[in-house]
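Pasted below: target-v7.pdb, PDB, C-alpha atoms and all ligand atoms.
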ATOM      1  CA  MET Z  14     -29.539  37.501  45.398
ATOM      2  CA  LYS Z  15     -27.361  39.543  47.671
ATOM      3  CA  ILE Z  16     -27.562  39.744  51.454
ATOM      4  CA  GLU Z  17     -25.585  42.578  53.027
ATOM      5  CA  ILE Z  18     -24.876  43.133  56.691
ATOM      6  CA  GLN Z  19     -23.596  46.572  57.534
ATOM      7  CA  GLY Z  20     -22.292  47.886  60.837
ATOM      8  CA  LEU Z  21     -24.305  45.390  62.864
ATOM      9  CA  ASN Z  22     -24.173  45.604  66.661
ATOM     10  CA  LYS Z  23     -26.157  43.724  69.257
ATOM     11  CA  ILE Z  24     -25.974  44.702  72.896
ATOM     12  CA  TYR Z  25     -28.332  42.718  75.132
ATOM     13  CA  SER Z  26     -30.144  44.465  77.969
ATOM     14  CA  ASN Z  27     -27.660  43.001  80.481
ATOM     15  CA  GLY Z  28     -24.807  44.743  78.619
ATOM     16  CA  ASN Z  29     -23.527  41.688  76.698
ATOM     17  CA  HIS Z  30     -22.050  43.009  73.479
ATOM     18  CA  ALA Z  31     -22.799  39.953  71.343
ATOM     19  CA  LEU Z  32     -22.056  41.445  67.905
ATOM     20  CA  LYS Z  33     -19.493  44.144  67.276
ATOM     21  CA  ASP Z  34     -19.696  46.123  64.060
ATOM     22  CA  ILE Z  35     -20.220  43.183  61.734
ATOM     23  CA  ASN Z  36     -19.953  43.747  57.987
ATOM     24  CA  LEU Z  37     -20.602  40.774  55.713
ATOM     25  CA  GLU Z  38     -21.982  39.870  52.310
ATOM     26  CA  PHE Z  39     -23.555  36.689  50.979
ATOM     27  CA  GLY Z  40     -24.493  35.770  47.415
ATOM     28  CA  THR Z  41     -25.870  32.426  46.264
ATOM     29  CA  GLY Z  42     -24.295  29.236  47.532
ATOM     30  CA  ILE Z  43     -23.416  27.828  50.951
ATOM     31  CA  PHE Z  44     -21.790  30.069  53.526
ATOM     32  CA  GLY Z  45     -20.405  28.834  56.810
ATOM     33  CA  LEU Z  46     -20.503  30.920  59.941
ATOM     34  CA  LEU Z  47     -17.913  29.419  62.245
ATOM     35  CA  GLY Z  48     -16.984  30.271  65.794
ATOM     36  CA  PRO Z  49     -16.797  28.851  69.312
ATOM     37  CA  ASN Z  50     -19.788  28.877  71.655
ATOM     38  CA  GLY Z  51     -20.691  32.406  72.632
ATOM     39  CA  ALA Z  52     -19.127  33.923  69.492
ATOM     40  CA  GLY Z  53     -22.414  35.537  68.446
ATOM     41  CA  LYS Z  54     -23.572  33.170  65.686
ATOM     42  CA  SER Z  55     -27.111  32.639  66.979
ATOM     43  CA  SER Z  56     -27.515  36.336  67.697
ATOM     44  CA  LEU Z  57     -26.572  37.094  64.098
ATOM     45  CA  MET Z  58     -28.947  34.478  62.756
ATOM     46  CA  ARG Z  59     -31.844  35.609  64.925
ATOM     47  CA  ILE Z  60     -31.363  39.126  63.560
ATOM     48  CA  MET Z  61     -31.178  37.838  59.995
ATOM     49  CA  VAL Z  62     -34.489  35.993  60.316
ATOM     50  CA  THR Z  63     -36.053  39.099  61.980
ATOM     51  CA  LEU Z  64     -36.750  37.352  65.285
ATOM     52  CA  MET Z  65     -34.645  40.007  66.980
ATOM     53  CA  LYS Z  66     -33.670  43.600  66.225
ATOM     54  CA  PRO Z  67     -30.065  44.741  66.126
ATOM     55  CA  THR Z  68     -28.961  47.550  68.452
ATOM     56  CA  SER Z  69     -27.567  49.310  65.394
ATOM     57  CA  GLY Z  70     -26.746  48.479  61.805
ATOM     58  CA  ILE Z  71     -28.740  47.053  58.966
ATOM     59  CA  VAL Z  72     -29.308  43.826  57.052
ATOM     60  CA  THR Z  73     -30.533  44.108  53.455
ATOM     61  CA  VAL Z  74     -31.667  41.556  50.899
ATOM     62  CA  ASP Z  75     -31.257  42.852  47.377
ATOM     63  CA  GLY Z  76     -30.995  46.314  48.829
ATOM     64  CA  LYS Z  77     -34.147  46.106  50.977
ATOM     65  CA  ASP Z  78     -33.931  46.554  54.741
ATOM     66  CA  ILE Z  79     -35.244  43.305  56.237
ATOM     67  CA  GLN Z  80     -36.712  45.112  59.254
ATOM     68  CA  LYS Z  81     -38.892  47.161  56.928
ATOM     69  CA  HIS Z  82     -39.819  44.202  54.711
ATOM     70  CA  ARG Z  83     -40.251  41.468  57.275
ATOM     71  CA  LYS Z  84     -43.204  39.795  55.619
ATOM     72  CA  GLN Z  85     -41.501  39.664  52.254
ATOM     73  CA  LEU Z  86     -38.311  38.307  53.808
ATOM     74  CA  ARG Z  87     -40.111  35.640  55.778
ATOM     75  CA  SER Z  88     -41.918  34.432  52.656
ATOM     76  CA  MET Z  89     -38.562  33.637  51.058
ATOM     77  CA  LEU Z  90     -36.915  32.259  54.174
ATOM     78  CA  GLY Z  91     -36.414  28.792  55.618
ATOM     79  CA  TYR Z  92     -35.020  28.643  59.144
ATOM     80  CA  LEU Z  93     -33.823  25.809  61.318
ATOM     81  CA  PRO Z  94     -33.246  27.195  64.808
ATOM     82  CA  GLN Z  95     -30.649  25.715  67.096
ATOM     83  CA  ASP Z  96     -33.213  24.480  69.599
ATOM     84  CA  PHE Z  97     -35.622  22.969  67.080
ATOM     85  CA  ARG Z  98     -37.975  20.616  68.935
ATOM     86  CA  PHE Z  99     -41.306  18.933  68.485
ATOM     87  CA  PHE Z 100     -43.947  19.580  71.030
ATOM     88  CA  THR Z 101     -46.589  17.687  69.124
ATOM     89  CA  SER Z 102     -47.497  14.093  68.551
ATOM     90  CA  LEU Z 103     -48.001  14.640  64.834
ATOM     91  CA  LYS Z 104     -46.752  12.017  62.447
ATOM     92  CA  THR Z 105     -43.620  12.911  60.507
ATOM     93  CA  TRP Z 106     -45.510  13.682  57.287
ATOM     94  CA  GLU Z 107     -48.227  15.580  59.181
ATOM     95  CA  PHE Z 108     -45.648  17.786  60.818
ATOM     96  CA  LEU Z 109     -44.121  18.612  57.460
ATOM     97  CA  ASP Z 110     -47.562  19.146  55.957
ATOM     98  CA  TYR Z 111     -48.294  21.612  58.744
ATOM     99  CA  SER Z 112     -44.980  23.388  58.105
ATOM    100  CA  GLY Z 113     -45.933  23.526  54.425
ATOM    101  CA  SER Z 114     -49.230  25.286  55.238
ATOM    102  CA  LEU Z 115     -47.340  27.787  57.363
ATOM    103  CA  ALA Z 116     -44.930  28.341  54.483
ATOM    104  CA  GLY Z 117     -47.882  29.271  52.297
ATOM    105  CA  LEU Z 118     -48.473  26.084  50.291
ATOM    106  CA  LYS Z 119     -52.251  26.349  50.046
ATOM    107  CA  ASN Z 120     -53.047  23.639  47.525
ATOM    108  CA  ARG Z 121     -53.383  20.345  49.438
ATOM    109  CA  LYS Z 122     -52.471  18.054  46.592
ATOM    110  CA  GLU Z 123     -49.384  20.032  45.723
ATOM    111  CA  ARG Z 124     -48.428  20.191  49.378
ATOM    112  CA  PHE Z 125     -48.711  16.409  49.811
ATOM    113  CA  ARG Z 126     -46.510  15.949  46.772
ATOM    114  CA  GLU Z 127     -43.971  18.402  48.159
ATOM    115  CA  VAL Z 128     -44.040  16.698  51.587
ATOM    116  CA  ASP Z 129     -43.174  13.316  50.097
ATOM    117  CA  ARG Z 130     -40.567  14.793  47.768
ATOM    118  CA  LEU Z 131     -38.801  16.399  50.729
ATOM    119  CA  LEU Z 132     -39.158  13.329  52.952
ATOM    120  CA  GLU Z 133     -37.486  11.360  50.198
ATOM    121  CA  GLN Z 134     -34.734  13.979  49.806
ATOM    122  CA  VAL Z 135     -33.836  13.911  53.490
ATOM    123  CA  GLY Z 136     -34.211  10.119  53.705
ATOM    124  CA  LEU Z 137     -37.325   9.984  55.894
ATOM    125  CA  LEU Z 138     -39.888   8.573  53.482
ATOM    126  CA  GLU Z 139     -39.795   5.192  55.223
ATOM    127  CA  VAL Z 140     -40.690   6.723  58.564
ATOM    128  CA  ARG Z 141     -43.299   9.144  57.229
ATOM    129  CA  ASP Z 142     -46.008   7.627  59.451
ATOM    130  CA  ARG Z 143     -43.911   7.515  62.611
ATOM    131  CA  GLN Z 144     -44.678  10.078  65.291
ATOM    132  CA  ALA Z 145     -42.232  12.928  64.778
ATOM    133  CA  ASN Z 146     -41.205  13.090  68.414
ATOM    134  CA  ARG Z 147     -40.277   9.385  68.290
ATOM    135  CA  LEU Z 148     -37.670   9.862  65.558
ATOM    136  CA  SER Z 149     -33.972   9.469  66.381
ATOM    137  CA  GLY Z 150     -31.880  12.607  66.987
ATOM    138  CA  GLY Z 151     -30.419  12.578  63.494
ATOM    139  CA  MET Z 152     -33.828  11.986  61.913
ATOM    140  CA  LYS Z 153     -35.333  14.875  63.857
ATOM    141  CA  ARG Z 154     -32.609  17.127  62.586
ATOM    142  CA  ARG Z 155     -33.344  15.968  59.039
ATOM    143  CA  LEU Z 156     -37.016  16.675  59.558
ATOM    144  CA  GLY Z 157     -35.899  20.083  60.825
ATOM    145  CA  ILE Z 158     -34.081  20.751  57.578
ATOM    146  CA  ALA Z 159     -37.073  19.490  55.586
ATOM    147  CA  GLN Z 160     -39.357  21.985  57.358
ATOM    148  CA  ALA Z 161     -36.824  24.726  56.576
ATOM    149  CA  LEU Z 162     -36.827  23.705  52.909
ATOM    150  CA  ILE Z 163     -40.559  23.397  52.317
ATOM    151  CA  GLY Z 164     -42.080  26.135  50.170
ATOM    152  CA  ASN Z 165     -38.890  26.590  48.113
ATOM    153  CA  PRO Z 166     -37.236  29.294  50.216
ATOM    154  CA  ARG Z 167     -34.514  31.333  48.485
ATOM    155  CA  ILE Z 168     -32.680  31.923  51.739
ATOM    156  CA  ILE Z 169     -32.055  29.026  54.113
ATOM    157  CA  ILE Z 170     -30.601  29.686  57.523
ATOM    158  CA  VAL Z 171     -29.581  26.750  59.700
ATOM    159  CA  ASP Z 172     -28.209  27.264  63.181
ATOM    160  CA  GLU Z 173     -25.812  24.585  64.488
ATOM    161  CA  PRO Z 174     -27.595  21.781  62.614
ATOM    162  CA  THR Z 175     -24.952  19.124  63.196
ATOM    163  CA  THR Z 176     -24.468  19.402  66.959
ATOM    164  CA  GLY Z 177     -24.882  15.978  68.506
ATOM    165  CA  LEU Z 178     -25.009  14.154  65.185
ATOM    166  CA  ASP Z 179     -22.779  11.184  64.556
ATOM    167  CA  PRO Z 180     -20.288  11.441  61.648
ATOM    168  CA  ASP Z 181     -22.556   9.555  59.208
ATOM    169  CA  GLU Z 182     -25.468  11.862  59.873
ATOM    170  CA  ARG Z 183     -23.223  14.881  59.636
ATOM    171  CA  ILE Z 184     -22.001  13.877  56.178
ATOM    172  CA  ARG Z 185     -25.557  13.138  55.131
ATOM    173  CA  PHE Z 186     -26.642  16.546  56.324
ATOM    174  CA  ARG Z 187     -23.844  18.241  54.434
ATOM    175  CA  ASN Z 188     -24.825  16.390  51.276
ATOM    176  CA  ILE Z 189     -28.434  17.532  51.592
ATOM    177  CA  LEU Z 190     -27.264  21.126  51.876
ATOM    178  CA  SER Z 191     -24.922  20.907  48.911
ATOM    179  CA  GLN Z 192     -27.720  19.359  46.818
ATOM    180  CA  MET Z 193     -29.928  22.283  47.825
ATOM    181  CA  SER Z 194     -27.262  24.794  46.920
ATOM    182  CA  GLU Z 195     -27.560  23.772  43.274
ATOM    183  CA  ASN Z 196     -30.946  25.522  43.189
ATOM    184  CA  ASP Z 197     -29.682  29.090  43.140
ATOM    185  CA  VAL Z 198     -30.364  29.692  46.831
ATOM    186  CA  THR Z 199     -28.375  31.203  49.677
ATOM    187  CA  ILE Z 200     -27.661  28.827  52.531
ATOM    188  CA  ILE Z 201     -26.134  30.149  55.719
ATOM    189  CA  LEU Z 202     -24.980  27.503  58.132
ATOM    190  CA  SER Z 203     -23.690  28.287  61.583
ATOM    191  CA  THR Z 204     -21.470  25.813  63.344
ATOM    192  CA  HIS Z 205     -18.766  25.437  65.961
ATOM    193  CA  ILE Z 206     -17.551  22.286  64.192
ATOM    194  CA  VAL Z 207     -14.760  23.110  61.777
ATOM    195  CA  GLY Z 208     -15.407  19.938  59.772
ATOM    196  CA  ASP Z 209     -18.815  21.318  58.756
ATOM    197  CA  ILE Z 210     -17.051  23.947  56.680
ATOM    198  CA  SER Z 211     -16.254  22.064  53.524
ATOM    199  CA  SER Z 212     -14.978  22.895  50.096
ATOM    200  CA  THR Z 213     -18.614  23.193  49.022
ATOM    201  CA  CYS Z 214     -18.799  26.470  50.980
ATOM    202  CA  GLN Z 215     -18.537  29.520  48.703
ATOM    203  CA  GLY Z 216     -17.488  31.551  51.649
ATOM    204  CA  MET Z 217     -17.057  31.490  55.377
ATOM    205  CA  ALA Z 218     -16.962  33.932  58.241
ATOM    206  CA  LEU Z 219     -15.150  33.407  61.491
ATOM    207  CA  LEU Z 220     -16.639  35.007  64.575
ATOM    208  CA  ASN Z 221     -14.928  35.337  67.919
ATOM    209  CA  ARG Z 222     -16.441  37.120  70.912
ATOM    210  CA  GLY Z 223     -18.784  39.088  68.693
ATOM    211  CA  GLU Z 224     -16.086  40.141  66.259
ATOM    212  CA  LEU Z 225     -15.657  39.110  62.667
ATOM    213  CA  VAL Z 226     -12.071  37.931  62.493
ATOM    214  CA  PHE Z 227     -12.069  36.451  58.997
ATOM    215  CA  SER Z 228     -14.340  36.350  55.982
ATOM    216  CA  GLY Z 229     -13.586  34.877  52.610
ATOM    217  CA  ARG Z 230     -13.213  31.538  50.905
ATOM    218  CA  PRO Z 231     -12.202  28.599  53.128
ATOM    219  CA  GLU Z 232      -9.060  28.075  51.041
ATOM    220  CA  ASN Z 233      -7.967  31.627  51.826
ATOM    221  CA  LEU Z 234      -8.172  30.900  55.547
ATOM    222  CA  VAL Z 235      -6.053  27.824  54.906
ATOM    223  CA  LYS Z 236      -3.599  29.870  52.853
ATOM    224  CA  GLN Z 237      -3.012  32.224  55.760
ATOM    225  CA  ALA Z 238      -1.870  29.309  57.895
ATOM    226  CA  GLU Z 239       0.629  28.093  55.287
ATOM    227  CA  GLY Z 240       4.160  28.050  56.666
ATOM    228  CA  HIS Z 241       2.846  28.235  60.242
ATOM    229  CA  VAL Z 242       2.028  24.591  60.885
ATOM    230  CA  PHE Z 243       4.833  22.231  61.876
ATOM    231  CA  LYS Z 244       5.310  18.653  62.922
ATOM    232  CA  LEU Z 245       7.924  18.379  65.657
ATOM    233  CA  ASN Z 246       9.731  15.240  66.739
ATOM    234  CA  LEU Z 247      10.485  15.733  70.389
ATOM    235  CA  SER Z 248      12.038  13.882  73.267
ATOM    236  CA  SER Z 249      10.018  13.858  76.479
ATOM    237  CA  SER Z 250      12.011  16.690  78.015
ATOM    238  CA  GLU Z 251      11.775  18.785  74.850
ATOM    239  CA  TYR Z 252       8.049  18.116  74.770
ATOM    240  CA  ASP Z 253       7.578  19.530  78.283
ATOM    241  CA  VAL Z 254       9.159  22.809  77.190
ATOM    242  CA  ALA Z 255       7.595  22.941  73.717
ATOM    243  CA  LYS Z 256       4.013  22.392  74.854
ATOM    244  CA  GLU Z 257       4.216  25.578  76.913
ATOM    245  CA  ARG Z 258       5.644  27.556  74.017
ATOM    246  CA  PHE Z 259       3.461  26.515  71.090
ATOM    247  CA  ASP Z 260      -0.207  26.155  70.349
ATOM    248  CA  VAL Z 261      -0.500  22.406  70.033
ATOM    249  CA  ILE Z 262      -2.917  20.902  67.483
ATOM    250  CA  SER Z 263      -2.214  17.227  68.180
ATOM    251  CA  THR Z 264       0.165  14.982  70.088
ATOM    252  CA  ILE Z 265       1.008  11.411  69.179
ATOM    253  CA  PRO Z 266       3.310   9.225  71.276
ATOM    254  CA  VAL Z 267       6.031   7.596  69.170
ATOM    255  CA  ASP Z 268       8.886   5.210  70.025
ATOM    256  CA  GLU Z 269      11.418   7.805  71.098
ATOM    257  CA  GLY Z 270       9.153  10.527  72.448
ATOM    258  CA  TRP Z 271       6.410  12.602  70.853
ATOM    259  CA  GLU Z 272       5.243  13.692  67.450
ATOM    260  CA  VAL Z 273       3.549  17.014  67.982
ATOM    261  CA  GLN Z 274       1.737  19.231  65.500
ATOM    262  CA  VAL Z 275       1.885  22.923  66.378
ATOM    263  CA  VAL Z 276       1.199  26.368  64.969
ATOM    264  CA  SER Z 277       3.863  29.015  65.203
ATOM    265  CA  ASP Z 278       4.876  32.248  63.510
ATOM    266  CA  ASP Z 279       8.564  31.386  63.865
ATOM    267  CA  ILE Z 280      10.244  28.283  62.555
ATOM    268  CA  PRO Z 281      10.752  26.045  65.607
ATOM    269  CA  GLU Z 282      14.353  25.234  66.534
ATOM    270  CA  TYR Z 283      13.400  21.579  67.110
ATOM    271  CA  ASN Z 284      13.635  18.773  64.595
ATOM    272  CA  HIS Z 285      10.600  19.554  62.442
ATOM    273  CA  THR Z 286       8.816  19.319  59.111
ATOM    274  CA  THR Z 287       6.507  21.990  57.714
ATOM    275  CA  ILE Z 288       2.982  20.692  57.147
ATOM    276  CA  THR Z 289       0.464  21.697  54.498
ATOM    277  CA  PRO Z 290      -2.386  22.965  56.656
ATOM    278  CA  ASN Z 291      -5.976  21.795  56.401
ATOM    279  CA  ILE Z 292      -8.965  23.835  57.530
ATOM    280  CA  GLU Z 293      -8.773  22.501  61.108
ATOM    281  CA  ASP Z 294      -5.133  23.581  61.376
ATOM    282  CA  ALA Z 295      -6.021  26.967  59.924
ATOM    283  CA  TYR Z 296      -8.780  27.370  62.507
ATOM    284  CA  VAL Z 297      -6.379  26.653  65.358
ATOM    285  CA  TYR Z 298      -3.855  29.037  63.826
ATOM    286  CA  TYR Z 299      -6.459  31.758  63.699
ATOM    287  CA  MET Z 300      -8.330  31.239  66.937
ATOM    288  CA  GLU Z 301      -5.625  30.032  69.285
ATOM    289  CA  HIS Z 302      -2.670  31.812  67.888
ATOM    290  CA  LYS Z 303      -3.214  34.777  65.595
ATOM    291  CA  ILE Z 304      -5.983  36.403  67.636
ATOM    292  CA  LYS Z 305      -4.079  35.961  70.899
ATOM    293  CA  ALA Z 306      -0.931  37.350  69.272
ATOM    294  CA  ASP Z 307      -2.844  40.339  67.853
ATOM    295  CA  LEU Z 308      -4.401  41.010  71.257
ATOM    296  CA  SER Z 309      -1.069  41.065  73.048
ATOM    297  CA  GLU Z 310       0.513  43.472  70.558
TER     298      GLU Z 310
HETATM  299  P1  LIG D 401     -23.194  31.477  69.660
HETATM  300  O1  LIG D 401     -24.436  31.198  68.870
HETATM  301  O2  LIG D 401     -22.014  31.723  68.795
HETATM  302  O3  LIG D 401     -22.928  30.446  70.707
HETATM  303  P2  LIG D 401     -24.750  33.603  70.910
HETATM  304  O4  LIG D 401     -25.200  34.530  69.848
HETATM  305  O5  LIG D 401     -25.735  32.601  71.423
HETATM  306  O6  LIG D 401     -23.406  32.872  70.428
HETATM  307  O7  LIG D 401     -24.209  34.439  72.146
HETATM  308  C1  LIG D 401     -23.299  35.515  72.004
HETATM  309  C2  LIG D 401     -23.130  36.198  73.351
HETATM  310  O8  LIG D 401     -24.348  36.839  73.710
HETATM  311  C3  LIG D 401     -22.803  35.251  74.496
HETATM  312  O9  LIG D 401     -21.925  35.912  75.373
HETATM  313  C4  LIG D 401     -24.143  35.001  75.139
HETATM  314  O10 LIG D 401     -23.986  34.698  76.504
HETATM  315  C5  LIG D 401     -24.829  36.342  74.953
HETATM  316  N1  LIG D 401     -26.296  36.212  74.850
HETATM  317  C6  LIG D 401     -26.999  35.457  73.989
HETATM  318  N2  LIG D 401     -28.327  35.607  74.169
HETATM  319  C7  LIG D 401     -28.465  36.489  75.175
HETATM  320  C8  LIG D 401     -29.594  37.084  75.850
HETATM  321  N3  LIG D 401     -30.833  36.772  75.481
HETATM  322  N4  LIG D 401     -29.343  37.963  76.857
HETATM  323  C9  LIG D 401     -28.084  38.274  77.202
HETATM  324  N5  LIG D 401     -26.976  37.769  76.629
HETATM  325  C10 LIG D 401     -27.153  36.894  75.623
END

Show me, as structure tokens, the structure contained in the file I just sent.
Amino acid sequence: MKIEIQGLNKIYSNGNHALKDINLEFGTGIFGLLGPNGAGKSSLMRIMVTLMKPTSGIVTVDGKDIQKHRKQLRSMLGYLPQDFRFFTSLKTWEFLDYSGSLAGLKNRKERFREVDRLLEQVGLLEVRDRQANRLSGGMKRRLGIAQALIGNPRIIIVDEPTTGLDPDERIRFRNILSQMSENDVTIILSTHIVGDISSTCQGMALLNRGELVFSGRPENLVKQAEGHVFKLNLSSSEYDVAKERFDVISTIPVDEGWEVQVVSDDIPEYNHTTITPNIEDAYVYYMEHKIKADLSE
């Protein structure tokens, strides 16, 4: 399956230009859509699930315009919106059963089987009879993913699923998604948390103020930051000067002053070692440094 986004723009009626000429492609696997709040991630996702029309541009699935084939798209789509909530007092299994009917699972017996299979997969089988709106935050989110997965969708779109989850739940969530990705599906995950973009992602896109600033494999983003991340050992007076000059990733007090990790295009004149960047460093390099530098050129 191939999803293509071509020349996508979204301008809201108040003039907010939320997406600026976005071009992107997704195949099968997990794709991360990363960017700070307000970058345009939700706008892009709402367009992709046909809840909203773009101002211009087109999204196709296997060559078909999703606006013209909404019904077909929706039948192969699972969506977990950012503000997923329960307004019902249904039990956990009943909620999922209801989602299953909406997703087109007509046969009751098969649906019940599917409900329990999914509850097991997301670790909610033990609370299947608990009222859904009494589940913990993390459990609700897992029920949210289960409702997005019911009916075997081929495209799964999840918008900021890990916000507010503790680290355990976040890892659990990631594992559920990577298990799912073994089934020849496309999963698109939006997040402002860099740690959600893992090596299991086939690709990632970085959005900033409506613009696509990077797309490719996570390791390529990391590669671009190579040679630009440094650990400096600074005295207190050096630190005061350096923190104004560099984009600082982290600061640790040490015996004689400060150990500071920074991104920089030039090799710092201070006592330093060059660090092998991880994805968090690469994100800071891109968002805090490279974009600002490009803008001021
Ligand atoms: P993200 O999901 O990355 O936080 P959004 O897509 O929600 O970003 O928002 C992108 C931009 O569009 C922001 O500046 C936001 O304020 C604006 N925006 C989002 N929804 C609307 C709307 N319904 N009307 C006007 N502006 C909006």

7 Å from ligand LIG 401 (chain D) is the threshold here; counting only C-alpha atoms and all ligand atoms, which polymer residues fall inside it? Answer as a PDB file with C-alpha atoms, in the coordinates of the input.
ATOM      1  CA  TYR Z  25     -28.332  42.718  75.132  1.00  0.00           C
ATOM      2  CA  SER Z  26     -30.144  44.465  77.969  1.00  0.00           C
ATOM      3  CA  ASN Z  27     -27.660  43.001  80.481  1.00  0.00           C
ATOM      4  CA  ASN Z  29     -23.527  41.688  76.698  1.00  0.00           C
ATOM      5  CA  HIS Z  30     -22.050  43.009  73.479  1.00  0.00           C
ATOM      6  CA  ALA Z  31     -22.799  39.953  71.343  1.00  0.00           C
ATOM      7  CA  GLY Z  48     -16.984  30.271  65.794  1.00  0.00           C
ATOM      8  CA  PRO Z  49     -16.797  28.851  69.312  1.00  0.00           C
ATOM      9  CA  ASN Z  50     -19.788  28.877  71.655  1.00  0.00           C
ATOM     10  CA  GLY Z  51     -20.691  32.406  72.632  1.00  0.00           C
ATOM     11  CA  ALA Z  52     -19.127  33.923  69.492  1.00  0.00           C
ATOM     12  CA  GLY Z  53     -22.414  35.537  68.446  1.00  0.00           C
ATOM     13  CA  LYS Z  54     -23.572  33.170  65.686  1.00  0.00           C
ATOM     14  CA  SER Z  55     -27.111  32.639  66.979  1.00  0.00           C
ATOM     15  CA  SER Z  56     -27.515  36.336  67.697  1.00  0.00           C
ATOM     16  CA  LEU Z  57     -26.572  37.094  64.098  1.00  0.00           C
ATOM     17  CA  GLY Z 223     -18.784  39.088  68.693  1.00  0.00           C
TER      18      GLY Z 223
END

Name the residues that the PyMOL selection byres (((chain Z and resi 96) around 12) and not hetatm) picks from the file above, as a PDB file with C-alpha atoms, keeping the file's coordinate frame, using the file's chain letters and numbers.
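Output below, filename out-v3.pdb:
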ATOM      1  CA  SER Z  55     -27.111  32.639  66.979  1.00  0.00           C
ATOM      2  CA  TYR Z  92     -35.020  28.643  59.144  1.00  0.00           C
ATOM      3  CA  LEU Z  93     -33.823  25.809  61.318  1.00  0.00           C
ATOM      4  CA  PRO Z  94     -33.246  27.195  64.808  1.00  0.00           C
ATOM      5  CA  GLN Z  95     -30.649  25.715  67.096  1.00  0.00           C
ATOM      6  CA  PHE Z  97     -35.622  22.969  67.080  1.00  0.00           C
ATOM      7  CA  ARG Z  98     -37.975  20.616  68.935  1.00  0.00           C
ATOM      8  CA  PHE Z  99     -41.306  18.933  68.485  1.00  0.00           C
ATOM      9  CA  PHE Z 100     -43.947  19.580  71.030  1.00  0.00           C
ATOM     10  CA  LYS Z 153     -35.333  14.875  63.857  1.00  0.00           C
ATOM     11  CA  ARG Z 154     -32.609  17.127  62.586  1.00  0.00           C
ATOM     12  CA  GLY Z 157     -35.899  20.083  60.825  1.00  0.00           C
ATOM     13  CA  VAL Z 171     -29.581  26.750  59.700  1.00  0.00           C
ATOM     14  CA  ASP Z 172     -28.209  27.264  63.181  1.00  0.00           C
ATOM     15  CA  GLU Z 173     -25.812  24.585  64.488  1.00  0.00           C
ATOM     16  CA  PRO Z 174     -27.595  21.781  62.614  1.00  0.00           C
ATOM     17  CA  THR Z 175     -24.952  19.124  63.196  1.00  0.00           C
ATOM     18  CA  THR Z 176     -24.468  19.402  66.959  1.00  0.00           C
ATOM     19  CA  GLY Z 177     -24.882  15.978  68.506  1.00  0.00           C
TER      20      GLY Z 177
END

Residues near segment 133-150 of chain Z, anyone? I mean within 8 Å using all atoms listed in the file, not counting same-chain ones fewer than 3 positions away, as a PDB file with C-alpha atoms, in the coordinates of the input.
ATOM      1  CA  PHE Z  99     -41.306  18.933  68.485  1.00  0.00           C
ATOM      2  CA  PHE Z 100     -43.947  19.580  71.030  1.00  0.00           C
ATOM      3  CA  THR Z 101     -46.589  17.687  69.124  1.00  0.00           C
ATOM      4  CA  SER Z 102     -47.497  14.093  68.551  1.00  0.00           C
ATOM      5  CA  LEU Z 103     -48.001  14.640  64.834  1.00  0.00           C
ATOM      6  CA  LYS Z 104     -46.752  12.017  62.447  1.00  0.00           C
ATOM      7  CA  THR Z 105     -43.620  12.911  60.507  1.00  0.00           C
ATOM      8  CA  TRP Z 106     -45.510  13.682  57.287  1.00  0.00           C
ATOM      9  CA  PHE Z 108     -45.648  17.786  60.818  1.00  0.00           C
ATOM     10  CA  ASP Z 129     -43.174  13.316  50.097  1.00  0.00           C
ATOM     11  CA  ARG Z 130     -40.567  14.793  47.768  1.00  0.00           C
ATOM     12  CA  LYS Z 153     -35.333  14.875  63.857  1.00  0.00           C
ATOM     13  CA  ARG Z 154     -32.609  17.127  62.586  1.00  0.00           C
ATOM     14  CA  ARG Z 155     -33.344  15.968  59.039  1.00  0.00           C
ATOM     15  CA  LEU Z 156     -37.016  16.675  59.558  1.00  0.00           C
ATOM     16  CA  ILE Z 158     -34.081  20.751  57.578  1.00  0.00           C
ATOM     17  CA  ALA Z 159     -37.073  19.490  55.586  1.00  0.00           C
ATOM     18  CA  GLY Z 177     -24.882  15.978  68.506  1.00  0.00           C
ATOM     19  CA  LEU Z 178     -25.009  14.154  65.185  1.00  0.00           C
ATOM     20  CA  ILE Z 189     -28.434  17.532  51.592  1.00  0.00           C
TER      21      ILE Z 189
END

Applying the PyMOL selection byres (((chain Z and resi 33-45) around 8) and not hetatm) to the file I just gave you, which residues come out? Please list them as a PyMOL selection string.
chain Z and resi 14-23+30-32+46-47+70+190-191+194-195+197-204+209-210+213-218+223-225+228

Near Asp278 of chain Z, within 10 Å and counting only C-alpha atoms, which residues show up once chain neighbours fewer than 3 positions away are dropped, as a VMD selection string?
chain Z and resid 238 240 to 242 259 281 298 302 to 303 306

With a distance cut-off of 6 Å and all atoms listed in the file, select the neighbouring residues of Gln274 of chain Z, excluding the residue or stretch itself and same-chain residues fewer than 2 positions from it, and output the selection as a PDB file with C-alpha atoms, in the frame of the given file.
ATOM      1  CA  PHE Z 243       4.833  22.231  61.876  1.00  0.00           C
ATOM      2  CA  LYS Z 244       5.310  18.653  62.922  1.00  0.00           C
ATOM      3  CA  VAL Z 261      -0.500  22.406  70.033  1.00  0.00           C
ATOM      4  CA  ILE Z 262      -2.917  20.902  67.483  1.00  0.00           C
ATOM      5  CA  SER Z 263      -2.214  17.227  68.180  1.00  0.00           C
TER       6      SER Z 263
END

Given 8 Å of margin on each side, can you work out the centre and size in Å (one decimal) of an axis-aligned box holding every listed atom of segment 150-157 of chain Z, as JSON?
{"center_x": -33.7, "center_y": 16.0, "center_z": 63.0, "size_x": 22.6, "size_y": 24.1, "size_z": 23.9}

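Atom CA of Met65 of chain Z to atom CA of Lys84 of chain Z spans 14.2 Å [interatomic distance, one decimal].
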